[in-house]
$ cat work_21.cif   # mmCIF, C-alpha atoms
data_data
loop_
_atom_site.label_atom_id
_atom_site.label_comp_id
_atom_site.auth_asym_id
_atom_site.auth_seq_id
_atom_site.Cartn_x
_atom_site.Cartn_y
_atom_site.Cartn_z
CA MET W 214 -27.67 -4.03 5.07
CA THR W 215 -25.45 -3.78 2.04
CA ARG W 216 -26.10 -0.09 1.44
CA SER W 217 -26.53 2.68 3.96
CA ALA W 218 -29.53 4.97 4.03
CA VAL W 219 -29.42 8.18 2.02
CA VAL W 220 -28.21 11.15 4.03
CA PRO W 221 -28.33 14.82 2.97
CA PRO W 222 -27.26 16.37 0.64
CA PHE W 223 -27.59 13.33 -1.62
CA ALA W 224 -30.72 12.67 -3.71
CA ASP W 225 -30.40 8.89 -3.98
CA ILE W 226 -28.23 5.99 -2.89
CA THR W 227 -26.28 5.71 -6.15
CA GLN W 228 -25.35 9.38 -6.10
CA GLN W 229 -24.28 9.09 -2.46
CA HIS W 230 -22.23 5.97 -3.14
CA GLU W 231 -20.48 7.51 -6.17
CA ALA W 232 -19.77 10.77 -4.33
CA ARG W 233 -18.11 8.89 -1.47
CA ASN W 234 -16.02 6.83 -3.87
CA LEU W 235 -15.01 9.98 -5.75
CA GLY W 236 -13.94 11.66 -2.49
CA MET W 237 -11.81 8.67 -1.53
CA THR W 238 -10.24 8.21 -4.97
CA LEU W 239 -9.35 11.95 -5.16
CA PHE W 240 -7.68 11.62 -1.76
CA LEU W 241 -5.81 8.51 -2.93
CA ALA W 242 -4.68 10.33 -6.10
CA SER W 243 -3.09 13.01 -3.88
CA GLU W 244 -1.42 10.24 -1.88
CA VAL W 245 -0.02 8.74 -5.10
CA LEU W 246 1.90 12.00 -5.62
CA LEU W 247 3.04 12.21 -1.99
CA PHE W 248 4.55 8.72 -1.94
CA GLY W 249 5.43 8.76 -5.65
CA GLY W 250 7.73 11.73 -5.05
CA LEU W 251 9.56 9.96 -2.22
CA ILE W 252 9.88 6.67 -4.10
CA GLY W 253 10.93 8.51 -7.28
CA ALA W 254 13.65 10.33 -5.32
CA ALA W 255 14.98 7.00 -3.99
CA VAL W 256 15.05 5.51 -7.51
CA ILE W 257 16.85 8.54 -8.97
CA TYR W 258 19.32 8.43 -6.12
CA ARG W 259 19.94 4.74 -6.84
CA VAL W 260 20.74 5.70 -10.48
CA ILE W 261 23.01 8.67 -9.65
CA GLU W 262 24.89 7.13 -6.70
CA PRO W 263 24.63 3.36 -7.21
CA ALA W 264 27.51 2.32 -4.95
CA SER W 265 26.36 4.28 -1.89
CA ALA W 266 22.68 3.41 -2.46
CA ILE W 267 23.56 -0.29 -2.59
CA ALA W 268 25.68 0.00 0.58
CA ALA W 269 22.84 1.81 2.37
CA ALA W 270 20.20 -0.68 1.20
CA ARG W 271 22.37 -3.58 2.41
CA ALA W 272 22.31 -2.06 5.91
CA LEU W 273 18.50 -2.58 5.98
CA ASN W 274 16.86 -5.80 7.20
CA LEU W 275 15.49 -7.57 4.10
CA PRO W 276 14.11 -10.71 5.85
CA LEU W 277 12.02 -8.59 8.26
CA ALA W 278 10.75 -6.40 5.42
CA THR W 279 9.84 -9.51 3.39
CA ALA W 280 7.89 -10.93 6.35
CA ASN W 281 6.14 -7.57 6.71
CA THR W 282 5.20 -7.56 3.03
CA ALA W 283 3.60 -11.01 3.44
CA LEU W 284 1.71 -9.76 6.54
CA LEU W 285 0.39 -6.74 4.66
CA LEU W 286 -0.66 -8.76 1.58
CA THR W 287 -2.51 -11.17 3.89
CA SER W 288 -4.23 -8.30 5.69
CA SER W 289 -5.42 -7.01 2.30
CA LEU W 290 -6.93 -10.45 1.61
CA ALA W 291 -8.74 -10.31 4.98
CA VAL W 292 -10.14 -6.85 4.13
CA ALA W 293 -11.24 -7.96 0.65
CA ILE W 294 -13.09 -10.94 2.19
CA ALA W 295 -14.59 -8.63 4.85
CA VAL W 296 -15.99 -6.30 2.16
CA VAL W 297 -17.46 -9.24 0.20
CA ALA W 298 -19.06 -10.59 3.41
CA TYR W 299 -20.47 -7.12 4.20
CA ARG W 300 -22.06 -6.88 0.76
CA SER W 301 -23.48 -10.40 1.14
CA GLY W 302 -25.18 -9.46 4.41
CA ASN W 303 -22.82 -11.34 6.79
CA PRO W 304 -21.81 -8.69 9.35
CA ARG W 305 -20.16 -11.13 11.76
CA THR W 306 -17.93 -12.67 9.05
CA SER W 307 -17.15 -9.17 7.83
CA SER W 308 -16.28 -8.08 11.37
CA ALA W 309 -13.92 -11.04 11.75
CA GLY W 310 -12.20 -10.13 8.46
CA PHE W 311 -11.61 -6.54 9.57
CA ALA W 312 -10.40 -7.70 13.01
CA VAL W 313 -7.89 -10.12 11.44
CA ALA W 314 -6.66 -7.33 9.13
CA ALA W 315 -6.25 -4.96 12.10
CA ALA W 316 -4.30 -7.62 14.02
CA LEU W 317 -2.01 -8.20 11.02
CA GLY W 318 -1.56 -4.43 10.73
CA ILE W 319 -0.51 -4.27 14.40
CA ALA W 320 1.90 -7.18 13.80
CA PHE W 321 3.35 -5.22 10.85
CA LEU W 322 3.93 -2.14 13.04
CA ALA W 323 5.48 -4.30 15.80
CA LEU W 324 7.95 -5.80 13.30
CA LYS W 325 8.64 -2.36 11.85
CA GLY W 326 9.31 -1.08 15.37
CA ALA W 327 11.76 -3.96 15.97
CA GLU W 328 13.41 -3.11 12.66
CA TYR W 329 13.76 0.58 13.57
CA ALA W 330 15.29 -0.47 16.93
CA GLU W 331 17.81 -2.60 15.02
CA ASP W 332 18.48 0.28 12.58
CA ALA W 333 19.10 2.59 15.56
CA SER W 334 21.46 0.09 17.20
CA LYS W 335 23.43 -0.07 13.93
CA GLY W 336 23.70 3.72 14.06
CA LEU W 337 21.57 4.34 10.95
CA PHE W 338 19.76 7.21 12.71
CA GLY W 339 23.02 8.77 13.94
CA GLY W 340 24.89 8.35 17.20
CA GLY W 341 27.89 6.52 15.74
CA GLY W 342 28.36 3.06 14.28
CA ALA W 343 27.39 3.94 10.72
CA ASP W 344 29.05 7.33 10.28
CA TRP W 345 30.96 5.97 7.26
CA LEU W 346 27.57 5.55 5.60
CA LEU W 347 25.70 8.59 6.91
CA GLU W 348 28.47 11.09 6.20
CA GLY W 349 28.71 10.02 2.57
CA PRO W 350 26.00 10.18 -0.09
CA GLY W 351 24.41 7.04 1.44
CA GLY W 352 23.09 9.22 4.26
CA LEU W 353 20.45 10.73 1.96
CA PHE W 354 19.18 7.25 1.06
CA ILE W 355 18.77 6.38 4.76
CA HIS W 356 16.97 9.70 5.38
CA LEU W 357 14.59 8.97 2.49
CA TYR W 358 14.01 5.46 3.85
CA THR W 359 13.21 6.83 7.31
CA VAL W 360 10.79 9.50 6.06
CA ALA W 361 9.00 7.23 3.55
CA THR W 362 8.60 4.22 5.87
CA SER W 363 7.56 6.28 8.90
CA LEU W 364 5.00 8.16 6.78
CA HIS W 365 3.71 4.76 5.64
CA ALA W 366 3.58 3.58 9.28
CA LEU W 367 1.50 6.67 10.11
CA HIS W 368 -0.95 5.69 7.36
CA MET W 369 -1.00 2.15 8.76
CA SER W 370 -1.86 3.49 12.23
CA VAL W 371 -4.82 5.47 10.85
CA GLY W 372 -5.91 2.38 8.91
CA ILE W 373 -5.75 0.13 11.99
CA VAL W 374 -8.05 2.55 13.87
CA LEU W 375 -10.51 2.49 10.93
CA LEU W 376 -10.37 -1.34 10.62
CA THR W 377 -10.96 -1.74 14.36
CA GLY W 378 -13.91 0.67 14.21
CA ALA W 379 -15.43 -1.26 11.28
CA ALA W 380 -14.93 -4.59 13.10
CA TRP W 381 -16.62 -3.14 16.20
CA VAL W 382 -19.76 -1.73 14.54
CA LEU W 383 -20.18 -4.83 12.37
CA TRP W 384 -19.86 -7.15 15.35
CA ARG W 385 -22.64 -5.21 17.09
CA ARG W 386 -24.57 -5.43 13.79
CA ARG W 387 -25.26 -1.74 13.93
CA PRO W 388 -23.53 -0.13 10.98
CA ARG W 389 -25.38 3.15 10.63
CA PRO W 390 -24.63 6.18 8.49
CA PRO W 391 -22.04 7.52 8.01
CA MET W 392 -20.07 4.42 9.12
CA ALA W 393 -22.13 1.99 7.02
CA GLY W 394 -21.30 3.82 3.80
CA GLY W 395 -17.69 4.00 4.87
CA ILE W 396 -17.08 0.25 5.13
CA GLU W 397 -16.07 -0.14 1.48
CA LEU W 398 -14.03 3.10 1.63
CA ILE W 399 -11.98 1.70 4.52
CA GLY W 400 -11.21 -1.25 2.24
CA LEU W 401 -10.05 1.08 -0.57
CA TYR W 402 -7.81 2.98 1.86
CA TRP W 403 -6.22 -0.16 3.32
CA HIS W 404 -5.49 -1.69 -0.09
CA PHE W 405 -3.89 1.58 -1.15
CA VAL W 406 -1.59 1.54 1.91
CA ASP W 407 -0.67 -2.00 0.83
CA ILE W 408 0.19 -0.79 -2.69
CA VAL W 409 2.42 1.96 -1.27
CA TRP W 410 4.41 -0.68 0.64
CA ILE W 411 4.60 -2.85 -2.50
CA PHE W 412 6.62 0.00 -4.12
CA LEU W 413 8.59 1.02 -0.99
CA PHE W 414 9.90 -2.56 -0.83
CA PRO W 415 11.88 -2.54 -4.13
CA ALA W 416 12.76 1.18 -3.81
CA PHE W 417 14.62 0.67 -0.53
CA TYR W 418 15.09 -2.97 0.48
CA LEU W 419 15.76 -4.44 -2.98
CA ALA W 420 18.10 -1.60 -4.03
CA ARG W 421 20.89 -3.75 -2.61
CA ALA W 422 22.09 -5.12 -5.93
CA MET Z 132 -19.75 -15.45 -1.97
CA VAL Z 133 -17.74 -18.72 -1.87
CA GLN Z 134 -16.73 -18.28 -5.51
CA THR Z 135 -15.59 -14.70 -4.88
CA VAL Z 136 -13.60 -15.69 -1.79
CA ARG Z 137 -11.91 -18.46 -3.78
CA SER Z 138 -10.75 -15.98 -6.43
CA LEU Z 139 -9.53 -13.60 -3.70
CA VAL Z 140 -7.48 -16.39 -2.10
CA LEU Z 141 -6.00 -17.23 -5.52
CA ALA Z 142 -5.07 -13.56 -5.98
CA TRP Z 143 -3.38 -13.61 -2.55
CA LEU Z 144 -1.41 -16.76 -3.50
CA ALA Z 145 -0.32 -15.05 -6.73
CA LEU Z 146 0.85 -12.05 -4.67
CA LEU Z 147 2.93 -14.31 -2.39
CA VAL Z 148 4.48 -16.05 -5.42
CA LEU Z 149 5.39 -12.61 -6.83
CA LEU Z 150 6.92 -11.64 -3.46
CA VAL Z 151 9.07 -14.78 -3.37
CA SER Z 152 10.04 -14.17 -7.02
CA THR Z 153 11.15 -10.60 -6.44
CA VAL Z 154 13.25 -11.49 -3.37
CA GLY Z 155 14.70 -14.48 -5.26
CA ALA Z 156 15.54 -12.30 -8.26
CA ALA Z 157 17.33 -9.82 -5.95
CA MET Z 158 19.59 -12.66 -4.78
CA ALA Z 159 20.13 -14.22 -8.24
CA PRO Z 160 23.11 -13.34 -10.46
CA ILE Z 161 21.06 -11.67 -13.20
CA GLY Z 162 23.02 -8.42 -13.47
CA ALA Z 163 21.85 -4.96 -14.35
CA ILE Z 164 18.19 -5.76 -14.94
CA LYS Z 165 17.59 -6.39 -11.21
CA PRO Z 166 16.31 -2.90 -10.24
CA ALA Z 167 14.01 -2.71 -13.27
CA LEU Z 168 12.75 -6.26 -12.71
CA SER Z 169 11.92 -5.52 -9.06
CA PHE Z 170 9.71 -2.60 -10.16
CA VAL Z 171 8.08 -4.64 -12.93
CA ILE Z 172 7.12 -7.27 -10.31
CA ALA Z 173 5.92 -4.52 -7.93
CA THR Z 174 3.71 -3.14 -10.72
CA ALA Z 175 2.26 -6.63 -11.30
CA LYS Z 176 1.51 -6.95 -7.56
CA ALA Z 177 -0.12 -3.50 -7.51
CA ALA Z 178 -2.22 -4.44 -10.54
CA VAL Z 179 -3.52 -7.57 -8.75
CA VAL Z 180 -4.42 -5.51 -5.65
CA LEU Z 181 -6.05 -2.75 -7.74
CA TRP Z 182 -8.07 -5.07 -9.93
CA LEU Z 183 -9.09 -7.90 -7.58
CA PHE Z 184 -8.92 -6.42 -4.06
CA MET Z 185 -9.83 -2.76 -4.71
CA GLU Z 186 -12.21 -3.81 -7.51
CA VAL Z 187 -11.45 -0.81 -9.66
CA ARG Z 188 -13.72 -2.35 -12.30
CA ARG Z 189 -16.71 -1.78 -9.98
CA LEU Z 190 -15.94 1.94 -9.52
CA ASP Z 191 -17.96 4.44 -11.54
CA TRP Z 192 -16.16 6.37 -14.28
CA ARG Z 193 -15.67 9.56 -12.20
CA SER Z 194 -13.74 7.69 -9.52
CA ARG Z 195 -11.69 5.89 -12.17
CA VAL Z 196 -10.82 9.26 -13.76
CA ALA Z 197 -9.75 10.55 -10.32
CA LEU Z 198 -7.37 7.59 -9.89
CA ALA Z 199 -6.14 7.95 -13.48
CA ILE Z 200 -5.36 11.65 -12.87
CA GLY Z 201 -3.14 10.60 -9.96
CA ALA Z 202 -1.31 8.22 -12.30
CA VAL Z 203 -0.96 10.89 -15.01
CA TRP Z 204 0.53 13.48 -12.62
CA LEU Z 205 2.88 10.82 -11.27
CA ALA Z 206 3.96 10.05 -14.85
CA PHE Z 207 4.71 13.78 -15.35
CA LEU Z 208 6.71 13.89 -12.11
CA LEU Z 209 8.76 10.78 -12.87
CA GLY Z 210 9.02 11.46 -16.62
CA LEU Z 211 10.37 14.98 -16.19
CA SER Z 212 12.78 13.78 -13.48
CA LEU Z 213 14.02 11.09 -15.85
CA LEU Z 214 14.41 13.67 -18.62
CA ASP Z 215 16.53 15.81 -16.30
CA LEU Z 216 18.62 12.77 -15.37
CA VAL Z 217 19.25 11.79 -18.99
CA SER Z 218 19.97 15.36 -20.17
CA THR Z 219 22.39 15.92 -17.27
CA ALA Z 220 24.17 12.64 -18.02
CA THR Z 221 24.55 13.40 -21.73
CA GLY Z 222 25.01 17.18 -21.50
#
$ encode --input "work_21.cif" --output "structure tokens"
Amino acid sequence: MTRSAVVPPFADITQQHEARNLGMTLFLASEVLLFGGLIGAAVIYRVIEPASAIAAARALNLPLATANTALLLTSSLAVAIAVVAYRSGNPRTSSAGFAVAAALGIAFLALKGAEYAEDASKGLFGGGGADWLLEGPGGLFIHLYTVATSLHALHMSVGIVLLTGAAWVLWRRRPRPPMAGGIELIGLYWHFVDIVWIFLFPAFYLARA
Amino acid sequence: MVQTVRSLVLAWLALLVLLVSTVGAAMAPIGAIKPALSFVIATAKAAVVLWLFMEVRRLDWRSRVALAIGAVWLAFLLGLSLLDLVSTATG
């Protein structure tokens, strides 16, 4: 139950397990650079143009973003418990953990959607209302915020599909290769998406002072 | 399993305390160290997630090297950007 059967081209279960982990960690390393570049750009911008970065960051909704951070941290806890339950041979508990994490992920996206709607009504995506901000150097900060957070939301959407799939196969107690070997990898991916948000939070929302 | 879940819940509580701290620090009158402090706290949160949730200690050395390479390239990217920033400011 805790380990999937060996599938070609792997010689044994350890080799298969390590190869899968290596594939996922290489992918995550490439993601570090993708998000690291965006977050680095926001930080440099905050240093070069402090006044406009602070004004732009103050236009964002900090309470909503804080609530979303708490949701995401809690979803990571649910995934960590789900992986432990999977290893201990408790597929139903594991399934429940993944389902809770997926629900929290959906709640995160719903809040983010509400936040984008509020941003749009303030004129942060153009259309008047915040032209004083967008036409100045602060516009670049808002563009960076939009690109980085929407790219993160895209990663969240992929993660929610994976979490739901894991919850489904574990509930039916039929995790077979390749899904069975992927259970722990889904956990690694989701925690990484959490870490990305942990750095997006200070880079954009806490740049207000 | 119960013992492991207990330590995971403690890690989660620590993460929430760090979240409250970083938002509180952003509101507090502590001056110019605010941006740096917010990233120090974010790094602490990431370390908790990496170590206790992602269980990096359980990964084999090849996977750890892969993650470390990501960190090294990121250090190059940010380090060289910082160098450019400093040299432009002083030059």
$ residues_around --input "work_21.cif" --residues "stretch 238-249 of chain W" --least-positions-apart "4" --cutoff "10 Å" --atoms "all atoms listed in the file" --output "PyMOL selection string"
(chain W and resi 232-234+253-255+361-362+364-365+398+401-402+405-406+408-410+412-413) or (chain Z and resi 190+193-206+208-209)
$ resolve_selection --input "work_21.cif" --expression "the PyMOL selection byres ((chain Z and resi 185) around 12)" --output "PyMOL selection string"
(chain W and resi 234+238+289-290+292-294+296-297+397-408) or (chain Z and resi 139+142+177-184+186-190+195+198)
$ atom_distance --input "work_21.cif" --atom1 "atom CA of Z:Phe170" --atom2 "atom CA of W:Pro415"
6.4 Å
$ atom_distance --input "work_21.cif" --atom1 "atom CA of W:Ala269" --atom2 "atom CA of W:Ala327"
18.5 Å
$ resolve_selection --input "work_21.cif" --expression "the PyMOL selection byres ((chain W and resi 417) around 12)" --output "ChimeraX atom specification"
/W:251-259,266-275,278-279,351,353-362,410-416,418-422 /Z:166,169-170
$ resolve_selection --input "work_21.cif" --expression "the PyMOL selection byres ((chain Z and resi 153-156) around 9)" --output "VMD selection string"
(chain W and resid 275 279 415 419) or (chain Z and resid 148 to 152 157 to 161 165 168 to 170 172 to 173)
$ closest_residue --input "work_21.cif" --among "W:Asp332, W:Glu231, W:Glu262, W:Asp344" --to "chain Z" --atoms "only C-alpha atoms"
W:Glu231
$ closest_residue --input "work_21.cif" --among "W:Val313, W:Val382, W:Leu277, W:Ile261" --to "W:Glu328" --atoms "all atoms listed in the file"
W:Leu277
$ atom_distance --input "work_21.cif" --atom1 "atom CA of W:Ala316" --atom2 "atom CA of W:Val374"
10.8 Å
$ closest_residue --input "work_21.cif" --among "W:Met369, W:Leu346, W:Ala224, W:Ala298" --to "chain Z" --atoms "only C-alpha atoms"
W:Ala298
$ build_atoms --input "work_21.cif" --residues "stretch 208-219 of chain Z" --atoms "all heavy atoms" --output "short mmCIF file (atom, residue, chain, number, x, y, z; two decimals), in the coordinates of the input"
data_model
loop_
_atom_site.label_atom_id
_atom_site.label_comp_id
_atom_site.auth_asym_id
_atom_site.auth_seq_id
_atom_site.Cartn_x
_atom_site.Cartn_y
_atom_site.Cartn_z
N LEU Z 208 5.67 13.71 -13.13
CA LEU Z 208 6.71 13.89 -12.11
C LEU Z 208 7.92 13.00 -12.42
O LEU Z 208 9.06 13.48 -12.48
CB LEU Z 208 6.12 13.54 -10.75
CG LEU Z 208 7.04 13.68 -9.54
CD1 LEU Z 208 7.28 15.14 -9.22
CD2 LEU Z 208 6.43 12.97 -8.33
N LEU Z 209 7.67 11.72 -12.64
CA LEU Z 209 8.76 10.78 -12.87
C LEU Z 209 9.37 10.98 -14.26
O LEU Z 209 10.59 10.90 -14.43
CB LEU Z 209 8.27 9.33 -12.72
CG LEU Z 209 7.73 8.96 -11.33
CD1 LEU Z 209 7.29 7.50 -11.30
CD2 LEU Z 209 8.73 9.24 -10.24
N GLY Z 210 8.53 11.26 -15.25
CA GLY Z 210 9.02 11.46 -16.62
C GLY Z 210 9.95 12.65 -16.73
O GLY Z 210 11.03 12.57 -17.32
N LEU Z 211 9.54 13.78 -16.13
CA LEU Z 211 10.37 14.98 -16.19
C LEU Z 211 11.66 14.80 -15.39
O LEU Z 211 12.72 15.30 -15.78
CB LEU Z 211 9.59 16.20 -15.69
CG LEU Z 211 8.45 16.66 -16.62
CD1 LEU Z 211 7.62 17.75 -15.98
CD2 LEU Z 211 9.01 17.14 -17.96
N SER Z 212 11.57 14.06 -14.27
CA SER Z 212 12.78 13.78 -13.48
C SER Z 212 13.75 12.95 -14.30
O SER Z 212 14.96 13.20 -14.30
CB SER Z 212 12.42 13.03 -12.20
OG SER Z 212 11.50 13.76 -11.45
N LEU Z 213 13.21 11.97 -15.01
CA LEU Z 213 14.02 11.09 -15.85
C LEU Z 213 14.68 11.89 -16.98
O LEU Z 213 15.86 11.71 -17.29
CB LEU Z 213 13.14 9.98 -16.44
CG LEU Z 213 13.85 8.80 -17.06
CD1 LEU Z 213 14.55 7.98 -15.99
CD2 LEU Z 213 12.85 7.91 -17.81
N LEU Z 214 13.91 12.82 -17.55
CA LEU Z 214 14.41 13.67 -18.62
C LEU Z 214 15.61 14.48 -18.13
O LEU Z 214 16.63 14.59 -18.78
CB LEU Z 214 13.30 14.60 -19.09
CG LEU Z 214 13.47 15.27 -20.44
CD1 LEU Z 214 13.49 14.23 -21.56
CD2 LEU Z 214 12.35 16.28 -20.68
N ASP Z 215 15.46 15.02 -16.91
CA ASP Z 215 16.53 15.81 -16.30
C ASP Z 215 17.77 14.95 -16.10
O ASP Z 215 18.90 15.35 -16.38
CB ASP Z 215 16.04 16.37 -14.96
CG ASP Z 215 17.14 17.10 -14.23
OD1 ASP Z 215 17.65 18.08 -14.80
OD2 ASP Z 215 17.50 16.68 -13.13
N LEU Z 216 17.52 13.71 -15.65
CA LEU Z 216 18.62 12.77 -15.37
C LEU Z 216 19.38 12.45 -16.65
O LEU Z 216 20.61 12.51 -16.69
CB LEU Z 216 17.98 11.48 -14.82
CG LEU Z 216 18.80 10.62 -13.89
CD1 LEU Z 216 19.18 11.39 -12.64
CD2 LEU Z 216 18.02 9.36 -13.52
N VAL Z 217 18.64 12.17 -17.72
CA VAL Z 217 19.25 11.79 -18.99
C VAL Z 217 19.99 13.00 -19.59
O VAL Z 217 21.12 12.88 -20.06
CB VAL Z 217 18.17 11.28 -19.98
CG1 VAL Z 217 18.75 11.07 -21.36
CG2 VAL Z 217 17.57 9.99 -19.45
N SER Z 218 19.35 14.18 -19.55
CA SER Z 218 19.97 15.36 -20.17
C SER Z 218 21.23 15.76 -19.39
O SER Z 218 22.21 16.18 -19.97
CB SER Z 218 18.98 16.52 -20.24
OG SER Z 218 18.64 16.91 -18.94
N THR Z 219 21.22 15.58 -18.06
CA THR Z 219 22.39 15.92 -17.27
C THR Z 219 23.53 14.95 -17.59
O THR Z 219 24.69 15.34 -17.69
CB THR Z 219 22.06 15.84 -15.76
OG1 THR Z 219 20.89 16.58 -15.54
CG2 THR Z 219 23.18 16.42 -14.92
#
